[in-house]
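Colleague: Structure file entry_30.pdb (PDB, C-alpha atoms) is given on the next line.
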```pdb
ATOM      1  CA  MET A   1      21.199 -18.479 -12.792
ATOM      2  CA  ARG A   2      23.674 -18.178 -15.616
ATOM      3  CA  LYS A   3      23.753 -15.094 -17.831
ATOM      4  CA  LEU A   4      25.299 -15.214 -21.290
ATOM      5  CA  ASN A   5      26.953 -12.065 -22.585
ATOM      6  CA  SER A   6      27.128 -10.966 -26.188
ATOM      7  CA  SER A   7      30.917 -10.585 -25.941
ATOM      8  CA  ALA A   8      31.237 -14.386 -25.803
ATOM      9  CA  TYR A   9      29.629 -14.790 -29.243
ATOM     10  CA  MET A  10      30.037 -11.616 -31.253
ATOM     11  CA  LYS A  11      32.246  -8.603 -31.780
ATOM     12  CA  GLU A  12      31.182  -5.163 -30.619
ATOM     13  CA  ASP A  13      31.409  -3.760 -34.155
ATOM     14  CA  PHE A  14      29.533  -6.735 -35.636
ATOM     15  CA  PRO A  15      26.917  -7.883 -33.080
ATOM     16  CA  PHE A  16      25.690 -11.010 -34.885
ATOM     17  CA  TRP A  17      26.320 -14.749 -34.723
ATOM     18  CA  ILE A  18      24.542 -17.792 -36.143
ATOM     19  CA  GLY A  19      25.129 -21.462 -35.397
ATOM     20  CA  ARG A  20      23.574 -24.868 -35.979
ATOM     21  CA  THR A  21      23.773 -27.439 -33.205
ATOM     22  CA  THR A  22      22.277 -30.562 -31.682
ATOM     23  CA  GLN A  23      20.678 -29.090 -28.590
ATOM     24  CA  GLY A  24      20.803 -31.033 -25.346
ATOM     25  CA  THR A  25      19.426 -30.184 -21.930
ATOM     26  CA  ILE A  26      20.586 -26.781 -20.704
ATOM     27  CA  ASP A  27      19.755 -25.047 -17.414
ATOM     28  CA  GLU A  28      17.819 -21.817 -17.171
ATOM     29  CA  HIS A  29      19.806 -18.853 -18.392
ATOM     30  CA  GLY A  30      19.420 -15.327 -19.672
ATOM     31  CA  HIS A  31      21.342 -13.123 -22.081
ATOM     32  CA  ASP A  32      21.792  -9.539 -23.190
ATOM     33  CA  PHE A  33      21.074 -10.211 -26.876
ATOM     34  CA  VAL A  34      18.145 -11.285 -29.045
ATOM     35  CA  GLU A  35      18.002 -15.006 -29.752
ATOM     36  CA  LEU A  36      15.969 -16.310 -32.672
ATOM     37  CA  VAL A  37      15.585 -20.101 -32.612
ATOM     38  CA  TYR A  38      14.468 -22.396 -35.413
ATOM     39  CA  VAL A  39      13.955 -26.096 -34.638
ATOM     40  CA  VAL A  40      15.292 -28.023 -37.635
ATOM     41  CA  ARG A  41      14.339 -31.512 -36.497
ATOM     42  CA  GLY A  42      13.507 -33.550 -33.430
ATOM     43  CA  ARG A  43      11.698 -32.445 -30.296
ATOM     44  CA  GLY A  44      12.235 -31.276 -26.741
ATOM     45  CA  ARG A  45      10.836 -29.089 -24.003
ATOM     46  CA  HIS A  46      11.325 -25.368 -23.704
ATOM     47  CA  ARG A  47      10.976 -23.673 -20.333
ATOM     48  CA  PHE A  48      10.112 -19.997 -20.469
ATOM     49  CA  ASP A  49       8.875 -17.643 -17.789
ATOM     50  CA  GLY A  50       8.069 -20.443 -15.346
ATOM     51  CA  ALA A  51       6.163 -22.708 -17.728
ATOM     52  CA  SER A  52       7.239 -25.553 -20.050
ATOM     53  CA  TYR A  53       6.176 -26.161 -23.637
ATOM     54  CA  ASP A  54       6.751 -28.938 -26.138
ATOM     55  CA  ILE A  55       8.753 -27.812 -29.148
ATOM     56  CA  HIS A  56       9.411 -29.680 -32.373
ATOM     57  CA  ALA A  57      10.538 -29.341 -35.972
ATOM     58  CA  GLY A  58       9.363 -26.153 -37.660
ATOM     59  CA  ASP A  59       8.932 -24.116 -34.461
ATOM     60  CA  VAL A  60      10.300 -20.576 -34.458
ATOM     61  CA  PHE A  61      10.548 -18.351 -31.413
ATOM     62  CA  ILE A  62      12.384 -15.271 -30.175
ATOM     63  CA  ILE A  63      13.896 -14.767 -26.730
ATOM     64  CA  ASN A  64      14.485 -11.135 -25.840
ATOM     65  CA  PRO A  65      17.297  -9.606 -23.790
ATOM     66  CA  GLY A  66      16.578 -10.045 -20.090
ATOM     67  CA  GLU A  67      14.238 -13.024 -20.530
ATOM     68  CA  THR A  68      15.222 -16.447 -19.203
ATOM     69  CA  HIS A  69      14.688 -19.890 -20.694
ATOM     70  CA  ALA A  70      15.953 -23.473 -20.622
ATOM     71  CA  TYR A  71      15.842 -26.635 -22.754
ATOM     72  CA  SER A  72      15.334 -30.262 -21.815
ATOM     73  CA  VAL A  73      15.665 -33.233 -24.164
ATOM     74  CA  GLN A  74      14.617 -36.698 -23.018
ATOM     75  CA  PRO A  75      17.031 -39.661 -23.290
ATOM     76  CA  GLY A  76      16.586 -41.253 -26.702
ATOM     77  CA  ASP A  77      15.278 -38.012 -28.235
ATOM     78  CA  SER A  78      17.321 -35.453 -30.141
ATOM     79  CA  MET A  79      16.739 -31.899 -31.283
ATOM     80  CA  GLU A  80      18.657 -29.881 -33.851
ATOM     81  CA  ILE A  81      18.293 -26.110 -33.844
ATOM     82  CA  VAL A  82      19.656 -23.028 -35.544
ATOM     83  CA  ASN A  83      20.443 -20.158 -33.161
ATOM     84  CA  CYS A  84      20.582 -16.656 -34.580
ATOM     85  CA  LEU A  85      21.996 -14.238 -31.998
ATOM     86  CA  PHE A  86      22.204 -10.486 -32.471
ATOM     87  CA  MET A  87      21.929  -7.145 -30.730
ATOM     88  CA  PRO A  88      18.974  -4.914 -31.690
ATOM     89  CA  SER A  89      21.482  -2.375 -33.019
ATOM     90  CA  PHE A  90      22.492  -4.826 -35.752
ATOM     91  CA  ILE A  91      19.528  -3.584 -37.803
ATOM     92  CA  PRO A  92      19.854   0.217 -37.599
ATOM     93  CA  ASP A  93      16.868   2.536 -37.724
ATOM     94  CA  SER A  94      18.330   4.282 -40.754
ATOM     95  CA  LEU A  95      18.136   1.040 -42.737
ATOM     96  CA  LEU A  96      14.517   0.433 -41.707
ATOM     97  CA  ARG A  97      13.584   3.971 -42.731
ATOM     98  CA  GLU A  98      15.439   3.759 -46.023
ATOM     99  CA  LEU A  99      13.806   0.465 -46.971
ATOM    100  CA  ASN A 100      10.437   1.467 -45.446
ATOM    101  CA  VAL A 101       9.960  -1.971 -43.875
ATOM    102  CA  THR A 102       9.027  -1.152 -40.279
ATOM    103  CA  ASP A 103       5.429  -2.272 -40.807
ATOM    104  CA  ALA A 104       6.659  -5.553 -42.323
ATOM    105  CA  MET A 105       8.446  -6.635 -39.126
ATOM    106  CA  ASP A 106       5.502  -7.786 -37.006
ATOM    107  CA  TYR A 107       6.999 -11.112 -35.976
ATOM    108  CA  PHE A 108      10.084  -9.323 -34.669
ATOM    109  CA  TYR A 109       8.287  -6.378 -33.058
ATOM    110  CA  VAL A 110       4.936  -7.828 -32.046
ATOM    111  CA  HIS A 111       5.014 -11.550 -31.348
ATOM    112  CA  PRO A 112       7.769 -11.561 -28.687
ATOM    113  CA  PHE A 113       5.766  -9.022 -26.658
ATOM    114  CA  LEU A 114       2.492 -10.871 -26.551
ATOM    115  CA  GLN A 115       1.373 -12.564 -23.351
ATOM    116  CA  ARG A 116       3.191 -15.788 -22.513
ATOM    117  CA  ASP A 117       0.311 -18.104 -23.448
ATOM    118  CA  GLN A 118      -0.067 -16.390 -26.813
ATOM    119  CA  ARG A 119       3.655 -16.605 -27.542
ATOM    120  CA  PHE A 120       4.094 -20.311 -26.956
ATOM    121  CA  ASN A 121       0.647 -21.863 -27.167
ATOM    122  CA  HIS A 122       0.072 -20.107 -30.491
ATOM    123  CA  ARG A 123       3.662 -20.107 -31.654
ATOM    124  CA  LEU A 124       4.780 -19.918 -35.228
ATOM    125  CA  ASN A 125       5.197 -23.429 -36.581
ATOM    126  CA  LEU A 126       6.331 -23.824 -40.182
ATOM    127  CA  HIS A 127       6.048 -26.792 -42.509
ATOM    128  CA  GLY A 128       6.295 -27.620 -46.175
ATOM    129  CA  GLU A 129       7.502 -24.850 -48.468
ATOM    130  CA  ASP A 130       7.467 -22.243 -45.685
ATOM    131  CA  ALA A 131       9.829 -24.331 -43.546
ATOM    132  CA  ASP A 132      12.085 -24.969 -46.541
ATOM    133  CA  ASN A 133      12.267 -21.234 -47.300
ATOM    134  CA  VAL A 134      13.275 -20.317 -43.750
ATOM    135  CA  LEU A 135      15.786 -23.140 -43.378
ATOM    136  CA  GLY A 136      17.293 -22.302 -46.780
ATOM    137  CA  LEU A 137      17.763 -18.687 -45.731
ATOM    138  CA  LEU A 138      19.319 -19.703 -42.404
ATOM    139  CA  GLU A 139      21.699 -22.091 -44.164
ATOM    140  CA  SER A 140      22.769 -19.335 -46.553
ATOM    141  CA  MET A 141      23.499 -17.125 -43.527
ATOM    142  CA  LEU A 142      25.603 -19.909 -41.984
ATOM    143  CA  ARG A 143      27.608 -20.208 -45.220
ATOM    144  CA  GLU A 144      28.063 -16.463 -45.445
ATOM    145  CA  GLN A 145      29.335 -16.243 -41.882
ATOM    146  CA  GLY A 146      31.690 -19.190 -42.413
ATOM    147  CA  GLY A 147      33.093 -17.813 -45.663
ATOM    148  CA  ALA A 148      33.489 -14.242 -44.381
ATOM    149  CA  GLY A 149      33.976 -13.002 -47.938
ATOM    150  CA  THR A 150      33.994  -9.406 -49.111
ATOM    151  CA  GLY A 151      30.859  -7.612 -47.924
ATOM    152  CA  PHE A 152      29.684 -10.538 -45.768
ATOM    153  CA  ALA A 153      28.609  -8.196 -42.944
ATOM    154  CA  THR A 154      26.234  -6.285 -45.225
ATOM    155  CA  ILE A 155      24.891  -9.502 -46.751
ATOM    156  CA  LEU A 156      24.209 -11.004 -43.323
ATOM    157  CA  ARG A 157      22.428  -7.859 -42.158
ATOM    158  CA  LEU A 158      20.207  -7.896 -45.245
ATOM    159  CA  LYS A 159      19.567 -11.638 -44.962
ATOM    160  CA  LEU A 160      18.498 -11.234 -41.330
ATOM    161  CA  LEU A 161      16.147  -8.477 -42.389
ATOM    162  CA  GLU A 162      14.774 -10.741 -45.137
ATOM    163  CA  LEU A 163      14.306 -13.540 -42.583
ATOM    164  CA  LEU A 164      12.373 -11.305 -40.183
ATOM    165  CA  ILE A 165      10.141 -10.005 -42.981
ATOM    166  CA  LEU A 166       9.522 -13.554 -44.214
ATOM    167  CA  LEU A 167       8.604 -14.734 -40.701
ATOM    168  CA  SER A 168       6.336 -11.698 -40.331
ATOM    169  CA  ARG A 169       4.524 -12.680 -43.517
ATOM    170  CA  TYR A 170       3.823 -16.147 -42.120
ATOM    171  CA  TYR A 171       2.896 -14.691 -38.742
ATOM    172  CA  LYS A 172       0.396 -12.259 -40.261
ATOM    173  CA  THR A 173      -1.288 -15.087 -42.151
ATOM    174  CA  ILE A 174      -1.747 -17.048 -38.923
ATOM    175  CA  ALA A 175      -2.832 -13.995 -36.916
ATOM    176  CA  ARG A 176      -5.346 -12.997 -39.582
ATOM    177  CA  GLY A 177      -6.951 -16.423 -39.471
ATOM    178  CA  ALA A 178      -7.129 -16.471 -35.663
ATOM    179  CA  SER A 179      -8.470 -12.943 -35.118
ATOM    180  CA  SER A 180     -12.081 -11.814 -35.065
ATOM    181  CA  PRO A 181     -11.768  -7.983 -34.755
ATOM    182  CA  SER A 182     -12.268  -5.830 -37.826
ATOM    183  CA  PRO A 183      -9.277  -5.328 -40.137
ATOM    184  CA  ARG A 184      -9.095  -1.677 -39.059
ATOM    185  CA  GLN A 185      -8.991  -2.627 -35.386
ATOM    186  CA  GLN A 186      -6.379  -5.306 -36.092
ATOM    187  CA  ASP A 187      -4.193  -2.707 -37.828
ATOM    188  CA  ARG A 188      -4.471  -0.345 -34.857
ATOM    189  CA  THR A 189      -3.607  -3.076 -32.389
ATOM    190  CA  MET A 190      -0.681  -4.345 -34.448
ATOM    191  CA  THR A 191       0.730  -0.831 -34.886
ATOM    192  CA  ALA A 192       0.552  -0.162 -31.136
ATOM    193  CA  ARG A 193       2.212  -3.487 -30.351
ATOM    194  CA  ARG A 194       4.808  -2.894 -33.047
ATOM    195  CA  LEU A 195       5.738   0.400 -31.413
ATOM    196  CA  TYR A 196       5.798  -1.154 -27.943
ATOM    197  CA  GLY A 197       8.102  -3.904 -29.162
ATOM    198  CA  TYR A 198      10.436  -1.354 -30.709
ATOM    199  CA  MET A 199      10.633   0.661 -27.479
ATOM    200  CA  GLU A 200      11.177  -2.509 -25.434
ATOM    201  CA  ARG A 201      14.251  -3.392 -27.480
ATOM    202  CA  ASN A 202      15.608   0.125 -27.871
ATOM    203  CA  TYR A 203      14.828   1.657 -24.473
ATOM    204  CA  ASP A 204      18.492   2.657 -24.050
ATOM    205  CA  LYS A 205      18.442   4.877 -27.145
ATOM    206  CA  LYS A 206      17.468   8.526 -27.278
ATOM    207  CA  LEU A 207      13.830   8.036 -28.265
ATOM    208  CA  THR A 208      11.462  10.934 -28.840
ATOM    209  CA  LEU A 209       7.885  11.095 -30.023
ATOM    210  CA  GLN A 210       9.122  12.793 -33.183
ATOM    211  CA  SER A 211      11.759  10.143 -33.961
ATOM    212  CA  LEU A 212       9.249   7.334 -33.397
ATOM    213  CA  SER A 213       6.716   9.147 -35.551
ATOM    214  CA  GLU A 214       9.245   9.421 -38.387
ATOM    215  CA  LEU A 215      10.343   5.798 -38.084
ATOM    216  CA  PHE A 216       6.802   4.414 -38.150
ATOM    217  CA  ASN A 217       5.559   7.021 -40.635
ATOM    218  CA  ILE A 218       2.635   8.027 -38.390
ATOM    219  CA  SER A 219       1.846  11.470 -36.989
ATOM    220  CA  SER A 220       2.793  12.035 -33.355
ATOM    221  CA  ARG A 221      -0.820  12.712 -32.432
ATOM    222  CA  HIS A 222      -2.069   9.515 -34.052
ATOM    223  CA  LEU A 223       0.783   7.498 -32.508
ATOM    224  CA  ASN A 224      -0.155   8.722 -29.044
ATOM    225  CA  ARG A 225      -3.803   7.943 -29.698
ATOM    226  CA  LEU A 226      -3.034   4.348 -30.758
ATOM    227  CA  ILE A 227      -0.824   3.721 -27.725
ATOM    228  CA  ARG A 228      -3.302   5.264 -25.317
ATOM    229  CA  ARG A 229      -6.113   3.145 -26.734
ATOM    230  CA  GLN A 230      -4.038  -0.028 -26.359
ATOM    231  CA  TYR A 231      -2.180   0.632 -23.079
ATOM    232  CA  GLY A 232      -4.060   3.466 -21.390
ATOM    233  CA  LYS A 233      -0.995   5.721 -21.370
ATOM    234  CA  SER A 234       0.902   8.095 -23.631
ATOM    235  CA  VAL A 235       3.930   6.982 -25.636
ATOM    236  CA  VAL A 236       6.262   8.778 -23.222
ATOM    237  CA  ASP A 237       4.645   7.180 -20.155
ATOM    238  CA  VAL A 238       4.867   3.699 -21.705
ATOM    239  CA  LEU A 239       8.554   4.316 -22.467
ATOM    240  CA  HIS A 240       9.124   5.368 -18.840
ATOM    241  CA  ASP A 241       7.430   2.156 -17.654
ATOM    242  CA  ILE A 242       9.686   0.050 -19.871
ATOM    243  CA  ARG A 243      12.836   1.846 -18.730
ATOM    244  CA  ILE A 244      11.965   1.711 -15.035
ATOM    245  CA  GLY A 245      11.209  -2.007 -15.363
ATOM    246  CA  ARG A 246      14.617  -2.579 -16.914
ATOM    247  CA  ALA A 247      16.294  -0.426 -14.249
ATOM    248  CA  LYS A 248      14.744  -2.564 -11.509
ATOM    249  CA  ARG A 249      16.299  -5.680 -13.040
ATOM    250  CA  LEU A 250      19.694  -3.990 -13.370
ATOM    251  CA  LEU A 251      19.584  -2.859  -9.742
ATOM    252  CA  LEU A 252      19.112  -6.442  -8.594
ATOM    253  CA  ASP A 253      21.217  -8.268 -11.169
ATOM    254  CA  THR A 254      24.289  -6.013 -11.329
ATOM    255  CA  ASP A 255      26.584  -3.969  -9.111
ATOM    256  CA  GLU A 256      26.323  -0.912 -11.345
ATOM    257  CA  LYS A 257      25.977   2.440  -9.609
ATOM    258  CA  VAL A 258      22.637   4.212  -9.868
ATOM    259  CA  ILE A 259      24.139   6.943 -12.040
ATOM    260  CA  SER A 260      25.366   4.269 -14.479
ATOM    261  CA  ILE A 261      22.015   2.472 -14.517
ATOM    262  CA  ALA A 262      20.295   5.749 -15.381
ATOM    263  CA  ALA A 263      22.476   6.018 -18.489
ATOM    264  CA  LEU A 264      22.033   2.331 -19.342
ATOM    265  CA  VAL A 265      18.256   2.697 -19.516
ATOM    266  CA  GLY A 266      18.321   5.899 -21.550
ATOM    267  CA  TYR A 267      18.394   8.782 -19.050
ATOM    268  CA  GLU A 268      21.258  11.276 -19.298
ATOM    269  CA  ASP A 269      20.094  13.098 -16.161
ATOM    270  CA  SER A 270      20.508  10.768 -13.174
ATOM    271  CA  SER A 271      18.589  13.150 -10.876
ATOM    272  CA  PHE A 272      15.589  13.017 -13.201
ATOM    273  CA  PHE A 273      15.885   9.215 -13.284
ATOM    274  CA  THR A 274      15.894   9.029  -9.465
ATOM    275  CA  ARG A 275      12.804  11.252  -9.188
ATOM    276  CA  LEU A 276      11.023   9.253 -11.882
ATOM    277  CA  PHE A 277      11.933   5.940 -10.199
ATOM    278  CA  GLN A 278      10.642   7.266  -6.862
ATOM    279  CA  ARG A 279       7.357   8.253  -8.479
ATOM    280  CA  HIS A 280       6.894   4.896 -10.233
ATOM    281  CA  VAL A 281       8.168   2.525  -7.548
ATOM    282  CA  GLY A 282       7.595   4.425  -4.303
ATOM    283  CA  CYS A 283      11.233   4.496  -3.192
ATOM    284  CA  SER A 284      14.622   5.569  -4.485
ATOM    285  CA  PRO A 285      16.720   3.217  -6.653
ATOM    286  CA  SER A 286      19.221   2.694  -3.819
ATOM    287  CA  ARG A 287      16.450   1.901  -1.359
ATOM    288  CA  TYR A 288      14.857  -0.505  -3.829
ATOM    289  CA  ARG A 289      18.149  -2.369  -4.171
ATOM    290  CA  THR A 290      18.604  -2.532  -0.379
ATOM    291  CA  LEU A 291      15.093  -3.819   0.242
ATOM    292  CA  HIS A 292      15.246  -6.518  -2.411
ATOM    293  CA  ASP A 293      18.761  -7.595  -1.517
ATOM    294  CA  GLY A 294      17.384  -8.475   1.884
ATOM    295  CA  GLY A 295      19.850  -6.317   3.780
ATOM    296  CA  GLU A 296      22.118  -3.321   3.747
ATOM    297  CA  LEU A 297      23.931  -2.269   0.618
ATOM    298  CA  GLU A 298      26.900  -4.435  -0.178
ATOM    299  CA  GLY A 299      30.388  -2.979  -0.416
ATOM    300  CA  GLY A 300      30.927  -1.084  -3.617
ATOM    301  CA  ARG A 301      27.209  -0.504  -4.254
ATOM    302  CA  THR A 302      26.601   3.190  -3.947
ATOM    303  CA  SER A 303      24.608   5.737  -5.805
TER     304      SER A 303
END
```
Would you put the structure from the file into structure tokens?
Modeller:
Amino acid sequence: MRKLNSSAYMKEDFPFWIGRTTQGTIDEHGHDFVELVYVVRGRGRHRFDGASYDIHAGDVFIINPGETHAYSVQPGDSMEIVNCLFMPSFIPDSLLRELNVTDAMDYFYVHPFLQRDQRFNHRLNLHGEDADNVLGLLESMLREQGGAGTGFATILRLKLLELLILLSRYYKTIARGASSPSPRQQDRTMTARRLYGYMERNYDKKLTLQSLSELFNISSRHLNRLIRRQYGKSVVDVLHDIRIGRAKRLLLDTDEKVISIAALVGYEDSSFFTRLFQRHVGCSPSRYRTLHDGGELEGGRTS
């Protein structure tokens, strides 16, 4: 399976790229960046996580780092899309705190982390004025990137933030109409999912209960209570689960040493990472790699 790297599309100091293309059939692939897709016109099939879905004009969806997907377009059909590619770091926490918009980012934080059937059977589909607003914003981002005028990097960052808030507004309207729980329960669930989505995308950062509490403007105690009610675990335990899950993929998909993988998933202490992995998985990282490789460690793979 092919894996696309951010270095092929964007610079390290400006991790963003947007393009508009006529999308043909493309084999299953993954990538290390976030991909936001808007279907401008036409139709096709989107394969995600082992299942296929029809997609057509007005559909919006997000593919996260580490997820795999593919497109197929039948002969005689055509499909035009806008791809918006970026690293999570493109929108820094400091900007979210300064603008106080964390709770206005539900489509970005929540929707991509719903169950598969919820993501694509109840996807965000825009039409009329809503579709025009989103396409207009995407087209302005394309022009800004092409012109590369003074301050274009800041403008693109703010336009992406505007796009995600706008999509979240549409998403909330749909979610509100489809949900039956009380508004208070909906708020609790959305906040817990919002936090989970943030940790899923930023697992490699130095995250603490205090920093998350400050970012989401919720007390540490209340944050833990919301997460425990939703996932049955504390914030720290959920973060460990996310990091260990990512480490398992890196062990199988890369030749990185265990000490490097520990750092890549957010642990400065590789010994602590190994003990934690053993406790979660039942074997050491090196043993896990050996077992799932179907043989002995390959040359160059050591811990």
Colleague: To test the calculation: enclose all listed atoms of segment 162-176 of chain A in a box whose edges run along x, y and z, add 3 Å on each side, then state centre and edge lengths in Å to one decimal, as AutoDock Vina command-line options.
Modeller:
```
--center_x 4.7 --center_y -13.5 --center_z -41.0 --size_x 26.1 --size_y 13.0 --size_z 14.2
```
Colleague: Expand the PyMOL selection byres ((chain A and resi 27) around 7) into the explicit residue set it covers here, and present it as a PyMOL selection string.
Modeller: chain A and resi 25-26+28-29+70-71
Colleague: Which residues, named as in the file, does the PyMOL selection byres ((chain A and resi 104-106) around 7) pick out? Answer as a PyMOL selection string.
Modeller: chain A and resi 101-103+107-111+164-165+168+194
Colleague: Evaluate the PyMOL selection byres ((chain A and resi 80) around 6) on the structure here and hand back the selected residues as a PDB file with C-alpha atoms, in the frame of the given file.
Modeller:
```
ATOM      1  CA  THR A  21      23.773 -27.439 -33.205  1.00  0.00           C
ATOM      2  CA  THR A  22      22.277 -30.562 -31.682  1.00  0.00           C
ATOM      3  CA  GLN A  23      20.678 -29.090 -28.590  1.00  0.00           C
ATOM      4  CA  VAL A  40      15.292 -28.023 -37.635  1.00  0.00           C
ATOM      5  CA  ARG A  41      14.339 -31.512 -36.497  1.00  0.00           C
ATOM      6  CA  MET A  79      16.739 -31.899 -31.283  1.00  0.00           C
ATOM      7  CA  ILE A  81      18.293 -26.110 -33.844  1.00  0.00           C
TER       8      ILE A  81
END
```
Colleague: Using all atoms listed in the file, which protein or nucleic acid residues come within 7 Å of Ile242 of chain A? Drop anything in the same chain fewer than 4 positions from it, and give the result as number ranges by chain.
Modeller: A: 200, 238, 246
Colleague: Could you state the separation of atom CA of His69 of chain A and atom CA of Phe48 of chain A in Å, given to one decimal place?
Modeller: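 Taking atom CA of His69 of chain A and atom CA of Phe48 of chain A, their separation equals 4.6 Å.
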Colleague: For Val235 of chain A, work out the shell of residues within 12 Å, counting all atoms listed in the file and skipping chain neighbours fewer than 5 positions away, then give it as a list in words.
Modeller: Ala192, Arg193, Leu195, Tyr196, Tyr198, Met199, Glu200, Leu207, Thr208, Leu209, Gln210, Ser211, Leu212, Ser213, Ser220, Arg221, His222, Leu223, Asn224, Arg225, Leu226, Ile227, Arg228, Arg229, Gln230, His240, Asp241 and Ile242 of chain A
Colleague: For C-alpha atoms, I'd like the residues from the last selection saved as a compact mmCIF listing (two decimals), in the coordinates of the input.
Modeller:
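The result, stored in result_7.txt:
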```txt
# COMPACT_ATOMS: atom_id res chain seq x y z
CA ALA A 192 0.55 -0.16 -31.14
CA ARG A 193 2.21 -3.49 -30.35
CA LEU A 195 5.74 0.40 -31.41
CA TYR A 196 5.80 -1.15 -27.94
CA TYR A 198 10.44 -1.35 -30.71
CA MET A 199 10.63 0.66 -27.48
CA GLU A 200 11.18 -2.51 -25.43
CA LEU A 207 13.83 8.04 -28.26
CA THR A 208 11.46 10.93 -28.84
CA LEU A 209 7.88 11.10 -30.02
CA GLN A 210 9.12 12.79 -33.18
CA SER A 211 11.76 10.14 -33.96
CA LEU A 212 9.25 7.33 -33.40
CA SER A 213 6.72 9.15 -35.55
CA SER A 220 2.79 12.04 -33.35
CA ARG A 221 -0.82 12.71 -32.43
CA HIS A 222 -2.07 9.52 -34.05
CA LEU A 223 0.78 7.50 -32.51
CA ASN A 224 -0.16 8.72 -29.04
CA ARG A 225 -3.80 7.94 -29.70
CA LEU A 226 -3.03 4.35 -30.76
CA ILE A 227 -0.82 3.72 -27.72
CA ARG A 228 -3.30 5.26 -25.32
CA ARG A 229 -6.11 3.14 -26.73
CA GLN A 230 -4.04 -0.03 -26.36
CA HIS A 240 9.12 5.37 -18.84
CA ASP A 241 7.43 2.16 -17.65
CA ILE A 242 9.69 0.05 -19.87
```
Colleague: Of the candidates A:Leu4, A:Leu251, A:Ala131, A:Met10, which one gets nearest to Thr68 of chain A if we count all atoms listed in the file?
Modeller: A:Leu4
Colleague: Which residue, A:Leu160, A:Met190, A:Ala247, A:Leu264, has the smallest gap to Lys205 of chain A when you use all atoms listed in the file?
Modeller: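 Counting all atoms listed in the file, the residue closest to Lys205 of chain A is A:Leu264.
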Colleague: List as number ranges by chain the protein and nucleic acid residues near Leu158 of chain A, meaning an atom at most 9 Å away when all atoms listed in the file are counted, but skip any in the same chain fewer than 5 places from it.
Modeller: A: 91, 153, 163
Colleague: Atom CA of Tyr171 of chain A to atom CA of Asp204 of chain A: how many Å, to one decimal?
Modeller: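 Between these atoms lies a distance of 27.6 Å.
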Colleague: So how many Å separate atom CA of Ser89 of chain A and atom CA of Asp59 of chain A, to one decimal?
Modeller: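 Pair atom CA of Ser89 of chain A / atom CA of Asp59 of chain A returns 25.1 Å.
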Colleague: Using all atoms listed in the file, can you tell me which of A:Lys3, A:His292, A:Arg97, A:His127 comes closest to Val39 of chain A?
Modeller: A:His127
Colleague: Rank A:Met141, A:Leu36, A:Leu85, A:Leu135 by their smallest atom-to-atom distance to Ala57 of chain A, using only C-alpha atoms, and report the top residue only.
Modeller: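 Result for the nearest residue to Ala57 of chain A: A:Leu135.
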Colleague: Find, counting all atoms listed in the file, the residue in A:Val265, A:Gly58, A:Lys257, A:Phe33 that gets nearest to Arg289 of chain A.
Modeller: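 Going through A:Val265, A:Gly58, A:Lys257, A:Phe33 one by one, the smallest distance to Arg289 of chain A is for A:Lys257.
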